[in-house]
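Asks: I have a structure here, written as structure tokens, and I will follow up with some questions on it.
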Amino acid sequence: MYAMNLARYQRYPDCKQRGLRALPPLAIFTSKECHYSVNKGAAFLGLGTDSVRVVKADERGKMIPKDLERQISLAEAKGAVPFLVSATSGTTVLGAFDPLNAIADVCQRHGLWLHVDAAWGGSVLLSQTHRHLLDGIQRADSVAWNPHKLLGAGLQCSALLLQDTSNLLKRCHESQARYLFQQDKFYDVALDTGDKVVQCGRRVDCLKLWLLWKAQGRQGLEQRINRAFALSQYLVEEIKKREGFELVMEPEFVNVCFWFVPPSLRGKQESLDYSQRLSQVAPVLKERMVKAGSMMIGYQPHGAWGNFFRVIVVNPMLTHTDIDFLLDELERLGQDL
């Protein structure tokens, strides 16, 4: 939402005073795998969810740059003015990373603001082994990053990173309330960031990140990320070994998506009601594990796929024993299904 407001203000600075009257119909572009915050931001800012144009994603959940070009042309043909593309580094379900360099090329050709939602995957930059997943992120105009996710900083810890050096955030959001943000204080008033943000009072998110970084060090944080990838791969290999477990796809991140196929459905993939019955398994197992108090993992449908489990291997305290327990417990809870 911040990125949308900044991109809009940069192109139409009158909108801060005149509101929507100063604007033509605007168009935002994001993939079908995007976080719901894109639609929510468009609604909050008065642009409306109809302003969000959905770009196709490939079979792994990555935005297709050619379809982005097509959607831009379609929006312009209908009289809308494209102004922002929101790419994703680490989608919520499949953990996909959009091809940022190709998307940045499209944005450069059309003069569009490039925002990268790296709330989930941005911390991968700290890993020399895996940071290639974010190649091109340095070309973004803005980046959202949540250290409270992959890094495990205390909730809430969210950052908006900007390429801009002209104090755009302040110009866009400031209200110059003289009873709070006096300009004649004895210290450097540039330290007063309150007028740049929506909230007047808020917790100091950056302190949580600083403390974590100070405690773990650069190397410690990198090891935490590499370990999450390694444990995810261990889970994948164990799933492949066990009867009754089926991967949705090979993950490139720490989102491991799979079905548990109970004994009554094994070998019956050709049945007309197989997919419908398989989709009913995850909700039943979720209820059983919660009531047993043994574990808590998420599930969801996705596109044409029925409900499947999505295990996010992030907790730095996890071991191979915990991964083994997860699979053993699913087998135990689902043996009578």
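Ordering of the structure tokens sets the chain letters (A, B, ...), residue numbers begin anew at 1 in every chain, and ligands are numbered from 1 in the order given.
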Write out as a compact mmCIF listing (two decimals) with all heavy atoms, in the first residue's frame each polymer residue whose atoms come within 12 Å of Gly154 in chain A, counting only C-alpha atoms; drop sequence neighbours fewer than 2 positions from it.
Replies:
# COMPACT_ATOMS: atom_id res chain seq x y z
N ASN A 146 9.93 -8.64 5.40
CA ASN A 146 9.51 -8.96 6.77
C ASN A 146 10.55 -9.85 7.46
O ASN A 146 10.48 -11.08 7.34
CB ASN A 146 8.16 -9.70 6.77
CG ASN A 146 6.99 -8.78 6.46
OD1 ASN A 146 7.17 -7.59 6.30
ND2 ASN A 146 5.81 -9.35 6.36
N PRO A 147 11.47 -9.28 8.21
CA PRO A 147 12.43 -10.10 8.96
C PRO A 147 11.76 -11.01 9.99
O PRO A 147 12.37 -11.98 10.43
CB PRO A 147 13.32 -9.06 9.65
CG PRO A 147 13.25 -7.86 8.76
CD PRO A 147 11.82 -7.85 8.26
N HIS A 148 10.50 -10.72 10.35
CA HIS A 148 9.83 -11.59 11.33
C HIS A 148 9.41 -12.92 10.70
O HIS A 148 8.96 -13.82 11.42
CB HIS A 148 8.63 -10.89 11.98
CG HIS A 148 7.47 -10.62 11.08
ND1 HIS A 148 7.01 -9.35 10.81
CD2 HIS A 148 6.64 -11.44 10.39
CE1 HIS A 148 5.97 -9.41 10.01
NE2 HIS A 148 5.73 -10.67 9.74
N LYS A 149 9.56 -13.08 9.42
CA LYS A 149 9.18 -14.34 8.78
C LYS A 149 10.39 -15.28 8.73
O LYS A 149 10.68 -15.98 9.69
CB LYS A 149 8.58 -14.07 7.40
CG LYS A 149 7.20 -13.40 7.53
CD LYS A 149 6.54 -13.13 6.20
CE LYS A 149 5.14 -12.55 6.43
NZ LYS A 149 4.53 -12.05 5.19
N LEU A 150 11.12 -15.28 7.65
CA LEU A 150 12.19 -16.26 7.47
C LEU A 150 13.30 -16.12 8.52
O LEU A 150 13.86 -17.12 8.97
CB LEU A 150 12.77 -16.14 6.06
CG LEU A 150 13.83 -17.15 5.65
CD1 LEU A 150 13.32 -18.57 5.81
CD2 LEU A 150 14.26 -16.91 4.21
N LEU A 151 13.63 -14.89 8.91
CA LEU A 151 14.71 -14.70 9.88
C LEU A 151 14.28 -15.01 11.31
O LEU A 151 15.11 -15.27 12.17
CB LEU A 151 15.25 -13.27 9.82
CG LEU A 151 16.16 -12.91 8.66
CD1 LEU A 151 16.72 -11.50 8.85
CD2 LEU A 151 17.30 -13.90 8.50
N GLY A 152 12.98 -14.92 11.58
CA GLY A 152 12.50 -15.22 12.92
C GLY A 152 12.63 -14.06 13.90
O GLY A 152 12.68 -14.28 15.11
N GLN A 156 6.06 -7.51 15.50
CA GLN A 156 6.11 -7.38 14.06
C GLN A 156 7.41 -6.70 13.68
O GLN A 156 7.90 -5.84 14.39
CB GLN A 156 4.89 -6.55 13.61
CG GLN A 156 4.98 -5.92 12.26
CD GLN A 156 3.75 -5.07 11.94
OE1 GLN A 156 2.65 -5.35 12.37
NE2 GLN A 156 3.96 -4.00 11.23
N CYS A 157 7.98 -7.10 12.54
CA CYS A 157 9.20 -6.46 12.08
C CYS A 157 9.14 -6.40 10.56
O CYS A 157 9.43 -7.37 9.88
CB CYS A 157 10.42 -7.23 12.55
SG CYS A 157 11.98 -6.40 12.21
N SER A 158 8.72 -5.25 10.05
CA SER A 158 8.50 -5.09 8.61
C SER A 158 9.24 -3.86 8.12
O SER A 158 9.27 -2.83 8.79
CB SER A 158 7.01 -4.93 8.30
OG SER A 158 6.29 -6.07 8.72
N ARG A 203 5.68 0.88 17.40
CA ARG A 203 6.86 0.27 18.00
C ARG A 203 8.07 0.42 17.08
O ARG A 203 7.93 0.65 15.88
CB ARG A 203 6.60 -1.22 18.27
CG ARG A 203 5.51 -1.47 19.30
CD ARG A 203 5.32 -2.97 19.51
NE ARG A 203 4.22 -3.22 20.43
CZ ARG A 203 4.33 -3.27 21.75
NH1 ARG A 203 5.53 -3.05 22.31
NH2 ARG A 203 3.30 -3.53 22.52
N VAL A 204 9.24 0.29 17.68
CA VAL A 204 10.47 0.47 16.91
C VAL A 204 10.88 -0.88 16.31
O VAL A 204 11.66 -1.64 16.89
CB VAL A 204 11.60 1.02 17.81
CG1 VAL A 204 12.82 1.39 16.96
CG2 VAL A 204 11.10 2.23 18.59
N ASP A 205 10.31 -1.17 15.15
CA ASP A 205 10.56 -2.46 14.50
C ASP A 205 12.05 -2.72 14.28
O ASP A 205 12.53 -3.83 14.43
CB ASP A 205 9.84 -2.53 13.15
CG ASP A 205 8.36 -2.85 13.28
OD1 ASP A 205 7.87 -2.87 14.42
OD2 ASP A 205 7.71 -3.09 12.25
N CYS A 206 12.78 -1.67 13.89
CA CYS A 206 14.18 -1.87 13.52
C CYS A 206 15.02 -2.36 14.70
O CYS A 206 16.03 -3.04 14.50
CB CYS A 206 14.77 -0.60 12.93
SG CYS A 206 14.74 0.82 14.04
N LEU A 207 14.60 -2.06 15.93
CA LEU A 207 15.35 -2.52 17.10
C LEU A 207 15.34 -4.04 17.19
O LEU A 207 16.34 -4.66 17.56
CB LEU A 207 14.76 -1.90 18.37
CG LEU A 207 15.43 -2.32 19.69
CD1 LEU A 207 16.90 -1.90 19.71
CD2 LEU A 207 14.69 -1.72 20.87
N LYS A 208 14.20 -4.66 16.81
CA LYS A 208 14.11 -6.13 16.85
C LYS A 208 15.09 -6.75 15.86
O LYS A 208 15.74 -7.75 16.17
CB LYS A 208 12.68 -6.56 16.53
CG LYS A 208 11.62 -5.99 17.47
CD LYS A 208 10.24 -6.20 16.90
CE LYS A 208 9.22 -5.39 17.66
NZ LYS A 208 7.89 -5.46 17.03
N LEU A 209 15.19 -6.15 14.67
CA LEU A 209 16.12 -6.66 13.67
C LEU A 209 17.56 -6.44 14.13
O LEU A 209 18.41 -7.32 14.00
CB LEU A 209 15.87 -5.98 12.32
CG LEU A 209 16.84 -6.34 11.20
CD1 LEU A 209 16.82 -7.85 10.93
CD2 LEU A 209 16.49 -5.56 9.93
N TRP A 210 17.84 -5.27 14.69
CA TRP A 210 19.19 -4.95 15.16
C TRP A 210 19.63 -5.94 16.24
O TRP A 210 20.75 -6.45 16.22
CB TRP A 210 19.23 -3.51 15.69
CG TRP A 210 20.60 -3.08 16.12
CD1 TRP A 210 21.58 -2.52 15.35
CD2 TRP A 210 21.16 -3.17 17.44
NE1 TRP A 210 22.70 -2.26 16.10
CE2 TRP A 210 22.46 -2.65 17.39
CE3 TRP A 210 20.66 -3.66 18.66
CZ2 TRP A 210 23.29 -2.59 18.51
CZ3 TRP A 210 21.49 -3.60 19.78
CH2 TRP A 210 22.78 -3.07 19.70
N LEU A 211 18.73 -6.21 17.19
CA LEU A 211 19.06 -7.14 18.27
C LEU A 211 19.33 -8.55 17.74
O LEU A 211 20.27 -9.22 18.17
CB LEU A 211 17.92 -7.19 19.29
CG LEU A 211 17.81 -6.00 20.25
CD1 LEU A 211 16.50 -6.05 21.01
CD2 LEU A 211 18.98 -5.97 21.22
N LEU A 212 18.48 -9.00 16.80
CA LEU A 212 18.68 -10.33 16.20
C LEU A 212 20.01 -10.39 15.47
O LEU A 212 20.77 -11.36 15.62
CB LEU A 212 17.52 -10.63 15.24
CG LEU A 212 17.63 -11.94 14.45
CD1 LEU A 212 17.52 -13.14 15.37
CD2 LEU A 212 16.56 -12.00 13.36
N TRP A 213 20.29 -9.36 14.68
CA TRP A 213 21.53 -9.32 13.90
C TRP A 213 22.74 -9.29 14.84
O TRP A 213 23.76 -9.94 14.61
CB TRP A 213 21.52 -8.07 13.02
CG TRP A 213 22.17 -8.26 11.68
CD1 TRP A 213 23.34 -8.91 11.41
CD2 TRP A 213 21.67 -7.80 10.43
NE1 TRP A 213 23.61 -8.87 10.08
CE2 TRP A 213 22.62 -8.18 9.44
CE3 TRP A 213 20.56 -7.07 10.03
CZ2 TRP A 213 22.46 -7.89 8.09
CZ3 TRP A 213 20.40 -6.76 8.69
CH2 TRP A 213 21.34 -7.18 7.72
Asks: List as a list in words the protein and nucleic acid residues near Thr319 in chain A, meaning an atom at most 12 Å away when only C-alpha atoms are counted, but skip any in the same chain fewer than 5 places from it.
Replies: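 The residues satisfying every condition are Arg227, Ala228, Ala230, Leu231, Ser232, Tyr234, Leu235, Val313, Val314, Asp324, Phe325 and Leu326 of chain A.
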Asks: How would the residues just picked look written out with N, CA, C and O atoms as an mmCIF file, in the first residue's frame?
Replies:
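See part_15.cif below for the written result:
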data_model
loop_
_atom_site.group_PDB
_atom_site.id
_atom_site.type_symbol
_atom_site.label_atom_id
_atom_site.label_comp_id
_atom_site.auth_asym_id
_atom_site.auth_seq_id
_atom_site.Cartn_x
_atom_site.Cartn_y
_atom_site.Cartn_z
ATOM 1 N N ARG A 227 20.197 -23.497 6.655
ATOM 2 C CA ARG A 227 19.688 -24.663 7.389
ATOM 3 C C ARG A 227 18.213 -24.900 7.054
ATOM 4 O O ARG A 227 17.770 -26.043 6.921
ATOM 5 N N ALA A 228 17.445 -23.811 6.908
ATOM 6 C CA ALA A 228 16.030 -23.952 6.537
ATOM 7 C C ALA A 228 15.895 -24.620 5.175
ATOM 8 O O ALA A 228 15.049 -25.511 4.972
ATOM 9 N N ALA A 230 18.104 -26.621 3.798
ATOM 10 C CA ALA A 230 18.566 -28.006 3.922
ATOM 11 C C ALA A 230 17.506 -28.894 4.574
ATOM 12 O O ALA A 230 17.270 -30.024 4.122
ATOM 13 N N LEU A 231 16.839 -28.385 5.605
ATOM 14 C CA LEU A 231 15.789 -29.165 6.260
ATOM 15 C C LEU A 231 14.591 -29.368 5.331
ATOM 16 O O LEU A 231 13.949 -30.422 5.354
ATOM 17 N N SER A 232 14.297 -28.354 4.526
ATOM 18 C CA SER A 232 13.211 -28.487 3.551
ATOM 19 C C SER A 232 13.525 -29.603 2.568
ATOM 20 O O SER A 232 12.654 -30.407 2.211
ATOM 21 N N TYR A 234 15.458 -32.137 3.125
ATOM 22 C CA TYR A 234 15.347 -33.394 3.855
ATOM 23 C C TYR A 234 13.890 -33.868 3.882
ATOM 24 O O TYR A 234 13.607 -35.048 3.651
ATOM 25 N N LEU A 235 12.978 -32.930 4.150
ATOM 26 C CA LEU A 235 11.557 -33.276 4.162
ATOM 27 C C LEU A 235 11.127 -33.795 2.793
ATOM 28 O O LEU A 235 10.399 -34.795 2.691
ATOM 29 N N VAL A 313 9.276 -24.806 6.488
ATOM 30 C CA VAL A 313 10.375 -25.236 7.359
ATOM 31 C C VAL A 313 11.250 -24.030 7.675
ATOM 32 O O VAL A 313 12.167 -23.699 6.926
ATOM 33 N N VAL A 314 10.948 -23.359 8.791
ATOM 34 C CA VAL A 314 11.639 -22.114 9.123
ATOM 35 C C VAL A 314 12.240 -22.129 10.517
ATOM 36 O O VAL A 314 13.341 -21.618 10.735
ATOM 37 N N ASP A 324 10.806 -36.104 10.892
ATOM 38 C CA ASP A 324 10.346 -37.493 10.914
ATOM 39 C C ASP A 324 9.041 -37.620 11.703
ATOM 40 O O ASP A 324 8.119 -38.349 11.294
ATOM 41 N N PHE A 325 8.956 -36.919 12.836
ATOM 42 C CA PHE A 325 7.742 -36.964 13.645
ATOM 43 C C PHE A 325 6.541 -36.448 12.862
ATOM 44 O O PHE A 325 5.442 -37.019 12.933
ATOM 45 N N LEU A 326 6.738 -35.367 12.120
ATOM 46 C CA LEU A 326 5.642 -34.794 11.338
ATOM 47 C C LEU A 326 5.039 -35.833 10.405
ATOM 48 O O LEU A 326 3.812 -36.011 10.352
#
Asks: Run DSSP on the backbone and give me the residues of range 70-233 of chain A it puts in strand (DSSP E), as an mmCIF file with N, CA, C and O atoms, in the first residue's frame.
Replies:
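Done, and the output landed in states-v8.cif:
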data_model
loop_
_atom_site.group_PDB
_atom_site.id
_atom_site.type_symbol
_atom_site.label_atom_id
_atom_site.label_comp_id
_atom_site.auth_asym_id
_atom_site.auth_seq_id
_atom_site.Cartn_x
_atom_site.Cartn_y
_atom_site.Cartn_z
ATOM 1 N N VAL A 81 -4.214 4.042 -17.279
ATOM 2 C CA VAL A 81 -2.808 4.452 -17.261
ATOM 3 C C VAL A 81 -2.029 3.514 -16.343
ATOM 4 O O VAL A 81 -2.193 3.566 -15.122
ATOM 5 N N PRO A 82 -1.190 2.636 -16.907
ATOM 6 C CA PRO A 82 -0.358 1.768 -16.064
ATOM 7 C C PRO A 82 0.614 2.600 -15.235
ATOM 8 O O PRO A 82 1.184 3.579 -15.742
ATOM 9 N N PHE A 83 0.805 2.229 -13.960
ATOM 10 C CA PHE A 83 1.762 3.000 -13.155
ATOM 11 C C PHE A 83 2.591 2.139 -12.213
ATOM 12 O O PHE A 83 3.635 2.585 -11.738
ATOM 13 N N LEU A 84 2.171 0.897 -11.926
ATOM 14 C CA LEU A 84 2.918 0.086 -10.968
ATOM 15 C C LEU A 84 2.809 -1.397 -11.295
ATOM 16 O O LEU A 84 1.738 -1.877 -11.663
ATOM 17 N N VAL A 85 3.927 -2.099 -11.127
ATOM 18 C CA VAL A 85 3.960 -3.561 -11.205
ATOM 19 C C VAL A 85 4.429 -4.071 -9.852
ATOM 20 O O VAL A 85 5.432 -3.600 -9.312
ATOM 21 N N SER A 86 3.688 -5.019 -9.292
ATOM 22 C CA SER A 86 4.081 -5.643 -8.029
ATOM 23 C C SER A 86 4.507 -7.079 -8.310
ATOM 24 O O SER A 86 3.680 -7.930 -8.612
ATOM 25 N N ALA A 87 5.816 -7.316 -8.223
ATOM 26 C CA ALA A 87 6.358 -8.666 -8.378
ATOM 27 C C ALA A 87 6.486 -9.309 -6.999
ATOM 28 O O ALA A 87 6.417 -8.625 -5.981
ATOM 29 N N THR A 88 6.686 -10.612 -6.975
ATOM 30 C CA THR A 88 6.753 -11.335 -5.701
ATOM 31 C C THR A 88 8.017 -12.180 -5.631
ATOM 32 O O THR A 88 8.334 -12.906 -6.570
ATOM 33 N N TRP A 113 6.656 1.998 -12.077
ATOM 34 C CA TRP A 113 7.263 1.749 -10.769
ATOM 35 C C TRP A 113 7.271 0.240 -10.534
ATOM 36 O O TRP A 113 6.253 -0.421 -10.676
ATOM 37 N N LEU A 114 8.432 -0.293 -10.156
ATOM 38 C CA LEU A 114 8.534 -1.712 -9.839
ATOM 39 C C LEU A 114 8.625 -1.890 -8.328
ATOM 40 O O LEU A 114 9.579 -1.442 -7.689
ATOM 41 N N HIS A 115 7.594 -2.538 -7.780
ATOM 42 C CA HIS A 115 7.604 -2.909 -6.372
ATOM 43 C C HIS A 115 7.822 -4.415 -6.271
ATOM 44 O O HIS A 115 7.262 -5.176 -7.053
ATOM 45 N N VAL A 116 8.651 -4.829 -5.324
ATOM 46 C CA VAL A 116 8.860 -6.265 -5.090
ATOM 47 C C VAL A 116 8.370 -6.615 -3.696
ATOM 48 O O VAL A 116 8.862 -6.070 -2.701
ATOM 49 N N ASP A 117 7.383 -7.485 -3.649
ATOM 50 C CA ASP A 117 6.916 -8.023 -2.378
ATOM 51 C C ASP A 117 7.866 -9.163 -2.007
ATOM 52 O O ASP A 117 7.693 -10.299 -2.427
ATOM 53 N N SER A 142 10.897 -0.110 -5.020
ATOM 54 C CA SER A 142 10.572 -0.337 -3.613
ATOM 55 C C SER A 142 10.527 -1.835 -3.343
ATOM 56 O O SER A 142 10.230 -2.634 -4.233
ATOM 57 N N VAL A 143 10.834 -2.182 -2.106
ATOM 58 C CA VAL A 143 10.845 -3.583 -1.676
ATOM 59 C C VAL A 143 10.215 -3.675 -0.297
ATOM 60 O O VAL A 143 10.546 -2.892 0.600
ATOM 61 N N ALA A 144 9.298 -4.623 -0.125
ATOM 62 C CA ALA A 144 8.752 -4.930 1.197
ATOM 63 C C ALA A 144 9.469 -6.163 1.731
ATOM 64 O O ALA A 144 9.639 -7.146 1.003
ATOM 65 N N TRP A 145 9.874 -6.107 3.005
ATOM 66 C CA TRP A 145 10.653 -7.197 3.601
ATOM 67 C C TRP A 145 10.217 -7.399 5.041
ATOM 68 O O TRP A 145 10.121 -6.434 5.799
ATOM 69 N N ALA A 159 9.828 -3.965 6.931
ATOM 70 C CA ALA A 159 10.592 -2.855 6.365
ATOM 71 C C ALA A 159 10.112 -2.548 4.954
ATOM 72 O O ALA A 159 9.757 -3.454 4.197
ATOM 73 N N LEU A 160 10.099 -1.251 4.617
ATOM 74 C CA LEU A 160 9.900 -0.800 3.244
ATOM 75 C C LEU A 160 11.205 -0.156 2.809
ATOM 76 O O LEU A 160 11.657 0.823 3.422
ATOM 77 N N LEU A 161 11.819 -0.703 1.791
ATOM 78 C CA LEU A 161 13.099 -0.209 1.287
ATOM 79 C C LEU A 161 12.861 0.523 -0.033
ATOM 80 O O LEU A 161 12.170 0.006 -0.912
ATOM 81 N N LEU A 162 13.446 1.713 -0.152
ATOM 82 C CA LEU A 162 13.204 2.543 -1.333
ATOM 83 C C LEU A 162 14.501 2.867 -2.067
ATOM 84 O O LEU A 162 15.540 3.105 -1.442
#
Asks: Mind the document's chain letters and residue numbers, and return as a ChimeraX atom specification the residues of range 42-96 of chain A that DSSP labels helix (DSSP H, G or I).
Replies: /A:42-44,49-51,65-77
Asks: Residues of range 189-292 of chain A within 8 Å of range 123-138 of chain A: nearest atom pair and distance (Å, one decimal) for each, counting only C-alpha atoms, sorted by chain and number, as CSV?
Replies:
residue,atom,partner,partner_atom,distance
A:Arg218,CA,A:Leu126,CA,7.8
A:Leu221,CA,A:Leu126,CA,7.1
A:Glu222,CA,A:Ser127,CA,4.9
A:Gln223,CA,A:Ser127,CA,7.7
A:Ile225,CA,A:Ser127,CA,6.6
A:Asn226,CA,A:Ser127,CA,6.7
Asks: Provide the CA of Thr30 in chain A to CA of Lys56 in chain A distance in Å, to one decimal place.
Replies: 8.7 Å
Asks: One number please: CA of Arg178 in chain A to CA of Gln163 in chain A, in Å, one decimal.
Replies: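 So the two atoms, CA of Arg178 in chain A and CA of Gln163 in chain A, lie 28.6 Å apart.
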Asks: Go through range 150-198 of chain A residue by residue and, counting only C-alpha atoms, keep those with an atom at most 12 Å from range 10-22 of chain A; for each kept residue give the shortest atom pair and its distance in Å to one decimal, ordered by chain and increasing number, as CSV.
Replies:
residue,atom,partner,partner_atom,distance
A:Asp164,CA,A:Gln10,CA,10.5
A:Ser166,CA,A:Gln10,CA,10.9
A:Asn167,CA,A:Gln10,CA,11.3
A:Leu168,CA,A:Gln10,CA,7.7
A:Leu169,CA,A:Gln10,CA,9.9
A:Lys170,CA,A:Gln10,CA,11.9
A:Arg171,CA,A:Pro13,CA,9.3
A:Cys172,CA,A:Lys16,CA,7.2
A:His173,CA,A:Lys16,CA,8.4
A:Glu174,CA,A:Lys16,CA,10.1
A:Ser175,CA,A:Lys16,CA,10.4
Asks: Between CA of Asp328 in chain A and CA of Pro283 in chain A, what is the distance, to one decimal in Å?
Replies: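 Rounded to one decimal, the two atoms are 17.6 Å apart.
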Asks: Of the residues A:Gly79, A:Glu243, A:Gln176, A:Val197, which is the one nearest to Asn5 in chain A, using only C-alpha atoms?
Replies: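 Closest to Asn5 in chain A of all the choices is A:Val197.
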Asks: So that I can see what lies close to Leu47 in chain A, please list as a list in words the residues with an atom at most 10 Å from it, counting only C-alpha atoms and leaving out residues fewer than 3 positions away in the same chain.
Replies: Met4, Leu20, Leu23, Pro25, Leu26, Ala27, Ile28, Asn39, Gly41, Ala42, Ala43, Phe44, Asp50, Ser51 and Val52 of chain A
Asks: Between A:Glu270, A:Glu33, A:Glu331, A:Glu287, single out the one closest to Phe245 in chain A, counting only C-alpha atoms.
Replies: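 Looking only at the distances to Phe245 in chain A, the closest residue turns out to be A:Glu331.
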Asks: Name the closest residue to Gln280 in chain A among the candidates A:Ala104, A:Leu74, A:Leu265, A:Val198; distances are taken between atoms, counting only C-alpha atoms.
Replies: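 Checking each of A:Ala104, A:Leu74, A:Leu265, A:Val198 against Gln280 in chain A, counting only C-alpha atoms, the winner is A:Leu265.
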Asks: As a tab-separated table (two decimals) with C-alpha atoms, in the first residue's frame, please: the residues near Met63 in chain A (cut-off 6 Å, only C-alpha atoms, same-chain neighbours under 6 positions excluded).
Replies:
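And here's part_3.tsv as it stands now:
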chain	number	residue	atom	x	y	z
A	31	SER	CA	0.58	-12.10	-10.82
A	57	ALA	CA	1.93	-17.29	-13.83
A	98	ASP	CA	9.25	-13.99	-10.02
Asks: Which is closest to Gly334 in chain A among A:Met296, A:Ala304, A:Met289, A:Ile103, if we use only C-alpha atoms?
Replies: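 Using only C-alpha atoms, Gly334 in chain A sits closest to A:Met289.
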